[in-house]
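> Input structure: data.csv, which contains CSV, C-alpha atoms.
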chain,number,residue,atom,x,y,z
A,1,MET,CA,0.0,0.0,0.0
A,2,ALA,CA,1.5,3.3,-1.1
A,3,PHE,CA,-0.8,5.4,1.2
A,4,SER,CA,-1.0,5.6,5.0
A,5,ASP,CA,-4.8,6.2,5.2
A,6,TRP,CA,-7.9,6.9,3.1
A,7,GLN,CA,-7.4,10.7,3.3
A,8,ALA,CA,-3.9,10.4,1.8
A,9,PHE,CA,-5.3,8.1,-0.9
A,10,ILE,CA,-8.0,10.7,-1.9
A,11,HIS,CA,-5.5,13.6,-1.6
A,12,MET,CA,-3.0,11.8,-3.9
A,13,GLY,CA,-0.1,13.9,-2.7
A,14,GLY,CA,-1.8,17.1,-3.8
A,15,TYR,CA,-2.8,15.8,-7.2
A,16,GLY,CA,-6.1,14.3,-6.1
A,17,LEU,CA,-8.2,16.6,-8.4
A,18,TYR,CA,-6.2,15.7,-11.5
A,19,VAL,CA,-5.9,12.0,-10.8
A,20,TRP,CA,-9.6,11.5,-9.9
A,21,SER,CA,-11.0,13.7,-12.6
A,22,ALA,CA,-8.9,11.8,-15.2
A,23,PHE,CA,-10.3,8.4,-13.9
A,24,ALA,CA,-13.8,9.7,-13.6
A,25,LEU,CA,-13.8,11.2,-17.2
A,26,SER,CA,-12.5,7.9,-18.6
A,27,PHE,CA,-15.1,5.8,-16.9
A,28,LEU,CA,-17.8,8.2,-18.0
A,29,ILE,CA,-16.8,7.9,-21.6
A,30,LEU,CA,-16.6,4.1,-21.4
A,31,ALA,CA,-20.0,3.9,-19.5
A,32,LEU,CA,-21.7,6.2,-22.1
A,33,LEU,CA,-20.4,4.0,-25.0
A,34,THR,CA,-21.6,0.9,-23.3
A,35,CYS,CA,-25.0,2.3,-22.5
A,36,TYR,CA,-25.4,3.6,-26.1
A,37,THR,CA,-24.5,0.1,-27.4
A,38,LEU,CA,-27.0,-1.6,-25.1
A,39,TRP,CA,-29.7,1.0,-26.0
A,40,THR,CA,-29.1,0.2,-29.7
A,41,GLN,CA,-29.7,-3.4,-29.0
A,42,ARG,CA,-33.1,-2.6,-27.4
A,43,ARG,CA,-34.0,-0.3,-30.3
A,44,LEU,CA,-33.2,-3.2,-32.7
A,45,LYS,CA,-35.7,-5.4,-30.8
A,46,ARG,CA,-38.4,-2.8,-31.1
A,47,LEU,CA,-37.6,-2.4,-34.8
A,48,ALA,CA,-37.9,-6.1,-35.4
A,49,THR,CA,-41.3,-6.2,-33.7
A,50,GLN,CA,-42.5,-3.3,-35.8
A,51,LEU,CA,-41.3,-4.9,-39.0
A,52,GLN,CA,-43.1,-8.1,-38.1
A,53,GLN,CA,-46.4,-6.3,-37.2
A,54,ARG,CA,-46.3,-4.5,-40.5
A,55,GLN,CA,-45.7,-7.7,-42.4
A,56,GLN,CA,-48.7,-9.3,-40.6
A,57,ARG,CA,-50.9,-6.3,-41.4
A,58,LEU,CA,-49.9,-6.6,-45.1
A,59,ALA,CA,-50.5,-10.3,-45.2
A,60,LYS,CA,-54.0,-9.8,-43.6
A,61,ARG,CA,-54.9,-7.1,-46.1
A,62,ARG,CA,-53.8,-9.3,-49.0
A,63,GLN,CA,-55.9,-12.1,-47.7
A,64,GLN,CA,-59.0,-9.8,-47.4
A,65,GLU,CA,-58.5,-8.6,-51.0
A,66,VAL,CA,-58.3,-12.2,-52.2
A,67,ASN,CA,-61.4,-13.2,-50.2
A,68,THR,CA,-63.6,-10.3,-51.4
A,69,PRO,CA,-64.9,-11.1,-54.9
P,70,MET,CA,-5.8,-24.7,-44.4
P,71,TRP,CA,-8.0,-21.7,-44.1
P,72,ARG,CA,-11.2,-23.6,-45.0
P,73,TRP,CA,-12.5,-23.4,-41.4
P,74,LEU,CA,-12.7,-19.7,-41.8
P,75,HIS,CA,-15.1,-19.8,-44.7
P,76,PRO,CA,-18.4,-20.3,-42.8
P,77,TYR,CA,-17.8,-17.1,-40.8
P,78,ALA,CA,-18.3,-15.0,-44.0
P,79,LYS,CA,-21.9,-15.7,-43.2
P,80,ALA,CA,-23.2,-13.2,-40.6
P,81,GLU,CA,-25.2,-15.9,-38.9
P,82,ALA,CA,-22.2,-18.1,-38.1
P,83,SER,CA,-20.0,-15.2,-36.9
P,84,TYR,CA,-22.8,-13.8,-34.8
P,85,ARG,CA,-23.1,-17.2,-33.0
P,86,LEU,CA,-19.3,-17.2,-32.5
P,87,LEU,CA,-19.3,-13.6,-31.1
P,88,SER,CA,-22.2,-14.4,-28.8
P,89,ARG,CA,-20.2,-17.3,-27.4
P,90,LEU,CA,-17.1,-15.2,-26.9
P,91,LEU,CA,-18.8,-12.1,-25.5
P,92,PRO,CA,-19.3,-13.2,-21.8
P,93,TRP,CA,-15.7,-14.4,-21.5
P,94,PHE,CA,-14.4,-11.1,-22.9
P,95,ALA,CA,-16.7,-9.0,-20.8
P,96,CYS,CA,-16.0,-10.8,-17.5
P,97,SER,CA,-12.2,-10.8,-18.0
P,98,ALA,CA,-12.3,-7.2,-19.0
P,99,VAL,CA,-14.1,-6.1,-15.8
P,100,VAL,CA,-11.9,-8.2,-13.6
P,101,THR,CA,-8.5,-7.2,-15.1
P,102,LEU,CA,-9.6,-3.5,-15.2
P,103,LEU,CA,-10.5,-3.5,-11.5
P,104,ILE,CA,-7.3,-5.3,-10.4
P,105,SER,CA,-5.0,-3.2,-12.6
P,106,LEU,CA,-6.5,0.1,-11.6
P,107,VAL,CA,-6.6,-0.6,-7.8
P,108,TRP,CA,-3.0,-1.9,-8.1
P,109,GLY,CA,-1.9,1.2,-10.0
P,110,LEU,CA,-3.8,3.7,-7.8
P,111,ALA,CA,-3.2,2.3,-4.4
P,112,PHE,CA,-0.3,-0.2,-4.4
P,113,ALA,CA,2.2,1.0,-7.0
P,114,PRO,CA,4.9,3.3,-5.5
P,115,ALA,CA,4.8,7.1,-6.1
P,116,ASP,CA,7.1,8.5,-8.7
P,117,TYR,CA,10.2,10.2,-7.4
P,118,GLN,CA,9.7,13.2,-9.7
P,119,GLN,CA,6.0,13.4,-10.5
P,120,GLY,CA,4.7,12.2,-7.1
P,121,ASP,CA,1.2,10.6,-7.3
P,122,SER,CA,0.2,12.5,-10.4
P,123,TYR,CA,1.9,9.9,-12.6
P,124,ARG,CA,-0.9,7.4,-11.7
P,125,ILE,CA,-2.8,8.8,-14.6
P,126,ILE,CA,-0.4,6.6,-16.7
P,127,TYR,CA,-2.6,3.6,-15.8
P,128,ILE,CA,-5.4,4.8,-18.1
P,129,HIS,CA,-3.5,7.2,-20.4
P,130,VAL,CA,-1.0,4.8,-21.8
P,131,PRO,CA,-3.4,1.8,-22.4
P,132,ALA,CA,-6.0,4.1,-23.9
P,133,ALA,CA,-3.4,5.6,-26.3
P,134,ILE,CA,-2.0,2.2,-27.3
P,135,TRP,CA,-5.5,0.8,-28.1
P,136,SER,CA,-6.6,3.9,-29.8
P,137,MET,CA,-3.9,3.0,-32.4
P,138,GLY,CA,-4.5,-0.7,-32.1
P,139,ALA,CA,-8.2,-0.3,-32.8
P,140,TYR,CA,-7.4,1.9,-35.8
P,141,PHE,CA,-5.0,-0.8,-37.2
P,142,GLY,CA,-7.7,-3.4,-36.8
P,143,MET,CA,-10.2,-1.2,-38.5
P,144,ALA,CA,-7.9,-0.6,-41.4
P,145,ILE,CA,-7.4,-4.4,-41.9
P,146,MET,CA,-11.2,-4.8,-41.9
P,147,ALA,CA,-11.4,-2.0,-44.4
P,148,LEU,CA,-8.9,-3.7,-46.7
P,149,ILE,CA,-10.8,-7.0,-46.4
P,150,ALA,CA,-14.0,-5.2,-47.2
P,151,LEU,CA,-12.6,-3.5,-50.2
P,152,VAL,CA,-10.6,-6.5,-51.7
P,153,TRP,CA,-12.8,-9.5,-50.9
P,154,GLN,CA,-16.2,-7.7,-50.5
P,155,ILE,CA,-16.9,-9.4,-47.2
P,156,ARG,CA,-19.9,-7.6,-45.8
P,157,THR,CA,-19.1,-8.5,-42.2
P,158,ALA,CA,-15.8,-6.7,-42.5
P,159,SER,CA,-17.4,-3.5,-43.7
P,160,TRP,CA,-19.8,-3.6,-40.7
P,161,ALA,CA,-16.8,-4.1,-38.5
P,162,ILE,CA,-15.6,-0.6,-39.7
P,163,ALA,CA,-18.7,0.9,-38.2
P,164,ALA,CA,-18.4,-1.2,-35.1
P,165,ILE,CA,-14.7,-0.3,-34.4
P,166,ALA,CA,-14.7,3.4,-35.2
P,167,PRO,CA,-16.7,4.6,-32.1
P,168,VAL,CA,-14.7,2.4,-29.8
P,169,GLY,CA,-11.5,3.7,-31.2
P,170,ALA,CA,-12.7,7.3,-31.0
P,171,ALA,CA,-13.6,6.8,-27.3
P,172,MET,CA,-10.1,5.4,-26.6
P,173,THR,CA,-8.6,8.4,-28.4
P,174,ALA,CA,-10.7,10.8,-26.5
P,175,ILE,CA,-9.7,9.2,-23.2
P,176,ALA,CA,-6.0,9.4,-24.2
P,177,LEU,CA,-6.3,13.1,-25.1
P,178,LEU,CA,-8.4,14.1,-22.1
P,179,THR,CA,-6.3,12.2,-19.5
P,180,GLY,CA,-3.2,13.6,-21.3
P,181,ALA,CA,-4.4,17.1,-20.9
P,182,ILE,CA,-5.3,16.6,-17.2
P,183,TRP,CA,-1.8,15.1,-16.7
P,184,GLY,CA,-0.1,17.8,-18.7
P,185,LYS,CA,-1.6,20.7,-16.6
P,186,PRO,CA,0.3,19.9,-13.3
P,187,MET,CA,3.5,18.5,-15.0
P,188,TRP,CA,4.0,20.7,-18.1
P,189,GLY,CA,2.0,23.7,-16.9
P,190,THR,CA,-0.4,23.6,-19.8
P,191,TRP,CA,-3.5,21.6,-20.8
P,192,TRP,CA,-2.6,21.6,-24.5
P,193,GLU,CA,0.4,22.2,-26.7
P,194,TRP,CA,0.4,22.0,-30.5
P,195,ASP,CA,3.4,19.6,-30.5
P,196,ALA,CA,3.8,16.6,-32.8
P,197,ARG,CA,2.6,13.8,-30.5
P,198,LEU,CA,-0.5,15.6,-29.3
P,199,THR,CA,-1.5,17.0,-32.7
P,200,SER,CA,-1.1,13.6,-34.5
P,201,GLU,CA,-3.2,11.9,-31.8
P,202,LEU,CA,-5.9,14.6,-32.3
P,203,ILE,CA,-5.7,13.9,-36.0
P,204,LEU,CA,-6.4,10.2,-35.2
P,205,PHE,CA,-9.6,11.3,-33.4
P,206,PHE,CA,-10.7,13.3,-36.5
P,207,LEU,CA,-9.9,10.3,-38.7
P,208,TYR,CA,-12.2,8.1,-36.6
P,209,VAL,CA,-14.9,10.8,-36.8
P,210,GLY,CA,-14.4,11.1,-40.5
P,211,VAL,CA,-14.6,7.4,-41.1
P,212,LEU,CA,-17.9,7.3,-39.2
P,213,ALA,CA,-19.3,10.3,-40.9
P,214,LEU,CA,-18.5,8.9,-44.4
P,215,TYR,CA,-19.9,5.5,-43.5
P,216,PHE,CA,-23.3,7.0,-42.7
P,217,ALA,CA,-23.2,9.9,-45.2
P,218,PHE,CA,-24.6,7.9,-48.2
P,219,ASP,CA,-28.2,6.7,-48.8
P,220,ASP,CA,-26.5,3.6,-50.4
P,221,GLN,CA,-24.9,1.9,-47.4
P,222,LYS,CA,-22.4,0.0,-49.7
P,223,ALA,CA,-21.1,3.3,-51.1
P,224,GLY,CA,-20.7,4.7,-47.6
P,225,ALA,CA,-18.8,1.6,-46.4
P,226,LYS,CA,-16.5,1.8,-49.5
P,227,ALA,CA,-15.7,5.5,-48.9
P,228,ALA,CA,-15.1,4.9,-45.2
P,229,ALA,CA,-12.9,2.0,-46.0
P,230,ILE,CA,-10.7,4.0,-48.3
P,231,LEU,CA,-10.3,6.8,-45.7
P,232,ALA,CA,-9.5,4.2,-43.0
P,233,ILE,CA,-6.7,2.7,-45.2
P,234,VAL,CA,-5.3,6.1,-46.1
P,235,GLY,CA,-5.3,7.1,-42.5
P,236,VAL,CA,-2.9,4.3,-41.5
P,237,ILE,CA,-0.1,6.6,-42.4
P,238,ASN,CA,-0.9,8.5,-39.2
P,239,LEU,CA,0.0,5.5,-37.0
P,240,PRO,CA,3.8,5.5,-37.5
P,241,ILE,CA,3.7,9.3,-37.3
P,242,ILE,CA,2.1,9.1,-33.8
P,243,HIS,CA,4.5,6.4,-32.6
P,244,PHE,CA,7.7,8.0,-33.9
P,245,SER,CA,6.6,11.7,-33.3
P,246,VAL,CA,8.5,11.8,-30.0
P,247,GLU,CA,11.7,10.8,-31.9
P,248,TRP,CA,11.3,12.7,-35.1
P,249,TRP,CA,10.4,16.0,-33.6
P,250,ASN,CA,11.3,17.9,-30.5
P,251,THR,CA,8.2,17.5,-28.4
P,252,LEU,CA,7.0,18.1,-24.8
P,253,HIS,CA,5.8,14.5,-24.7
P,254,GLN,CA,8.3,12.0,-23.2
P,255,GLY,CA,9.9,9.3,-25.3
P,256,ALA,CA,8.9,5.6,-25.5
P,257,THR,CA,9.2,3.7,-22.2
P,258,ILE,CA,8.1,0.1,-23.0
P,259,THR,CA,7.8,-0.1,-26.8
P,260,LYS,CA,11.5,0.4,-27.5
P,261,PHE,CA,14.5,-1.9,-28.0
P,262,GLY,CA,16.2,-2.9,-24.7
P,263,ARG,CA,14.9,-3.0,-21.2
P,264,PRO,CA,11.8,-0.8,-20.4
P,265,SER,CA,13.0,2.3,-18.4
P,266,ILE,CA,10.4,1.9,-15.7
P,267,ALA,CA,10.6,0.2,-12.3
P,268,ASN,CA,9.1,-3.3,-12.1
P,269,ASP,CA,6.7,-2.2,-9.3
P,270,MET,CA,5.2,0.3,-11.8
P,271,LEU,CA,5.6,-1.8,-14.9
P,272,TRP,CA,3.5,-4.8,-13.9
P,273,PRO,CA,0.3,-2.9,-13.1
P,274,LEU,CA,0.8,-0.9,-16.3
P,275,LEU,CA,1.1,-4.1,-18.4
P,276,LEU,CA,-2.0,-5.5,-16.7
P,277,SER,CA,-3.9,-2.3,-17.4
P,278,ILE,CA,-2.8,-2.5,-21.1
P,279,LEU,CA,-4.3,-6.0,-21.2
P,280,ALA,CA,-7.4,-4.8,-19.4
P,281,PHE,CA,-8.0,-2.0,-22.0
P,282,ALA,CA,-7.4,-4.5,-24.8
P,283,LEU,CA,-10.2,-6.6,-23.3
P,284,VAL,CA,-12.5,-3.6,-22.8
P,285,THR,CA,-11.9,-2.5,-26.4
P,286,ALA,CA,-12.6,-6.1,-27.7
P,287,THR,CA,-15.7,-6.4,-25.6
P,288,LEU,CA,-17.2,-3.1,-26.9
P,289,ILE,CA,-16.3,-4.0,-30.5
P,290,ILE,CA,-18.0,-7.4,-30.2
P,291,MET,CA,-21.1,-5.9,-28.7
P,292,ARG,CA,-21.3,-3.2,-31.5
P,293,LEU,CA,-20.5,-5.7,-34.3
P,294,ARG,CA,-23.3,-8.0,-33.1
P,295,ASN,CA,-25.7,-5.0,-33.3
P,296,GLU,CA,-24.5,-4.1,-36.8
P,297,MET,CA,-25.0,-7.7,-37.9
P,298,LEU,CA,-28.6,-7.8,-36.5
P,299,PHE,CA,-29.4,-4.4,-38.0
P,300,ASN,CA,-28.2,-5.3,-41.5
P,301,GLU,CA,-29.8,-8.8,-41.5
P,302,ILE,CA,-33.0,-7.8,-39.8
P,303,HIS,CA,-35.1,-9.1,-42.6
P,304,ARG,CA,-33.6,-12.6,-42.3
P,305,PRO,CA,-35.3,-15.2,-40.1
P,306,TRP,CA,-32.1,-15.9,-38.0
P,307,ALA,CA,-31.8,-12.2,-37.0
P,308,GLN,CA,-35.5,-12.0,-36.1
P,309,ALA,CA,-35.2,-15.1,-34.0
P,310,GLU,CA,-32.2,-13.6,-32.2
P,311,LEU,CA,-34.2,-10.4,-31.6
P,312,GLY,CA,-37.0,-12.4,-30.0
P,313,VAL,CA,-39.4,-12.1,-32.9
P,314,ASN,CA,-40.8,-15.4,-34.3
P,315,PRO,CA,-40.2,-15.2,-38.1
P,316,PRO,CA,-43.6,-15.3,-39.8
P,317,VAL,CA,-44.3,-18.7,-41.2
P,318,ALA,CA,-46.0,-18.4,-44.6
P,319,VAL,CA,-49.3,-19.7,-43.2
P,320,SER,CA,-51.4,-16.8,-44.4
P,321,GLN,CA,-50.2,-17.3,-47.9
P,322,GLN,CA,-51.2,-21.0,-47.8
P,323,GLU,CA,-54.6,-20.1,-46.5
P,324,THR,CA,-55.3,-17.8,-49.4
P,325,ARG,CA,-54.6,-20.5,-52.0
Would you put the structure from the file into structure tokens?

Amino acid sequence: MAFSDWQAFIHMGGYGLYVWSAFALSFLILALLTCYTLWTQRRLKRLATQLQQRQQRLAKRRQQEVNTP
Amino acid sequence: MWRWLHPYAKAEASYRLLSRLLPWFACSAVVTLLISLVWGLAFAPADYQQGDSYRIIYIHVPAAIWSMGAYFGMAIMALIALVWQIRTASWAIAAIAPVGAAMTAIALLTGAIWGKPMWGTWWEWDARLTSELILFFLYVGVLALYFAFDDQKAGAKAAAILAIVGVINLPIIHFSVEWWNTLHQGATITKFGRPSIANDMLWPLLLSILAFALVTATLIIMRLRNEMLFNEIHRPWAQAELGVNPPVAVSQQETR
């Protein structure tokens, strides 16, 4: 352990603000990219459902057109 | 000899492979990242000149290395997409570019935060910093070109050409500290001979480089899977993966 206690660890020998802001920013960027990727996955699921519903509607309409003389 | 590779030209096969690999990559990325950062932040000794500010190295250096590594991978994919017309490779361009851009942004931002207390300035237009900034713009340019065309194939082709041309920037970034007089320090690990860093600092750094490689790979795998599903969304296998039962042609049979 390079630090005597928690306070020294947070303080980082006077460079605490720099060190912790660098780590926080990096994690923020990685977290944002991860969330965006997961959100894209959810959006794809919605898109697939919409496509299927549209296809079903079209099939139904075609069927009605065939059945009506 | 390379026959086993052929089935993976089909998106469905490579999607299955990526899905199997993803949990392993994701878990090992989180574990190695936690261990290396705690090691670097709390257990590695302070630097005799820079004190504790040097601990930024444990994100700055790995992010910078993989910002270039991801670009090299993207350029290889671009070459494959252009020469052999493998569609999965052109989707990989769109999957890798945002991850590489994120790594570049991390390297630039942490570099600025490190530069302020050590050099006395957030930014300097010197060779290393400027060429890394150009790398960021290359990623943004590749992404913009990819999505700039109504015809996705034309966009992928334009993005692939830019990605390949941009490779020239990689040796410029790496050797910038030797070719020009820069504020940035020279190479420490990636040089001939012994690394000029104490072992107590070197091991956590090597582990964090591995951790960032795994993080980069995990994000690329996640994004490439999405790209595959998006481009194949009209195919039954993709619909099944997205939890939608592919419509069986029952209605058509009924109409006959």
> Grab the atom CA of P:Trp192 to atom CA of P:Leu239 distance for me, in Å with one decimal place.
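For atom CA of P:Trp192 relative to atom CA of P:Leu239, the distance reads 20.5 Å.
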> Between P:Ala174, P:Ala229, P:Leu87, P:Ala139, which has the minimum distance to A:Leu33 (counting all atoms listed in the file)?
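Using all atoms listed in the file, the shortest distance to A:Leu33 belongs to P:Ala174.
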> Enter the distance from atom CA of P:Leu151 to atom CA of P:Val211, in Å, rounded to one decimal.
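Result for atom CA of P:Leu151 versus atom CA of P:Val211: 14.3 Å, one decimal.
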> Given a cut-off of 6 Å, which residues of chain A touch chain P, counting only C-alpha atoms, written out as a list in words?
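My answer is Met1, Ala2, Met12, Gly13, Tyr15, Tyr18, Val19, Ala22, Ser26, Lys45 and Gln63 of chain A.
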> Find the residues near P:Lys222: any atom within 9 Å, counting only C-alpha atoms, skip ones fewer than 5 places away on the same chain, and give them as a list in words.
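So the residues in contact are Arg156, Ser159, Tyr215 and Ala227 of chain P.
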> Pick out the closest residue to P:Ala256 from this set: P:Ile104, P:Ala223, P:Met70, P:Ile242. Count all atoms listed in the file.
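Of all the options, P:Ile242 lies closest to P:Ala256.
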> What is the distance between atom CA of P:Val130 and atom CA of P:Met143, in Å to one decimal?
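For atom CA of P:Val130 relative to atom CA of P:Met143, the distance reads 20.0 Å.
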> Looking at P:Thr190, P:Trp249, P:Ala82, P:Met137, which one is nearest to P:Ile203, with distances taken over only C-alpha atoms?
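So, comparing all the options, the nearest one is P:Met137.
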> Calculated over only C-alpha atoms, which of the candidates P:Ala95, P:Ile145, P:Leu231, P:Ile134 has the smallest distance to P:Ile278?
P:Ile134
> Could you name the residues that touch P:Ala144 at 9 Å or less, counting only C-alpha atoms, but leaving out those on the same chain fewer than 6 positions away, as a list in words?
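Using only C-alpha atoms, the neighbours found are Ile162, Ala229, Ile230, Leu231, Ala232, Ile233, Val234, Gly235 and Val236 of chain P.
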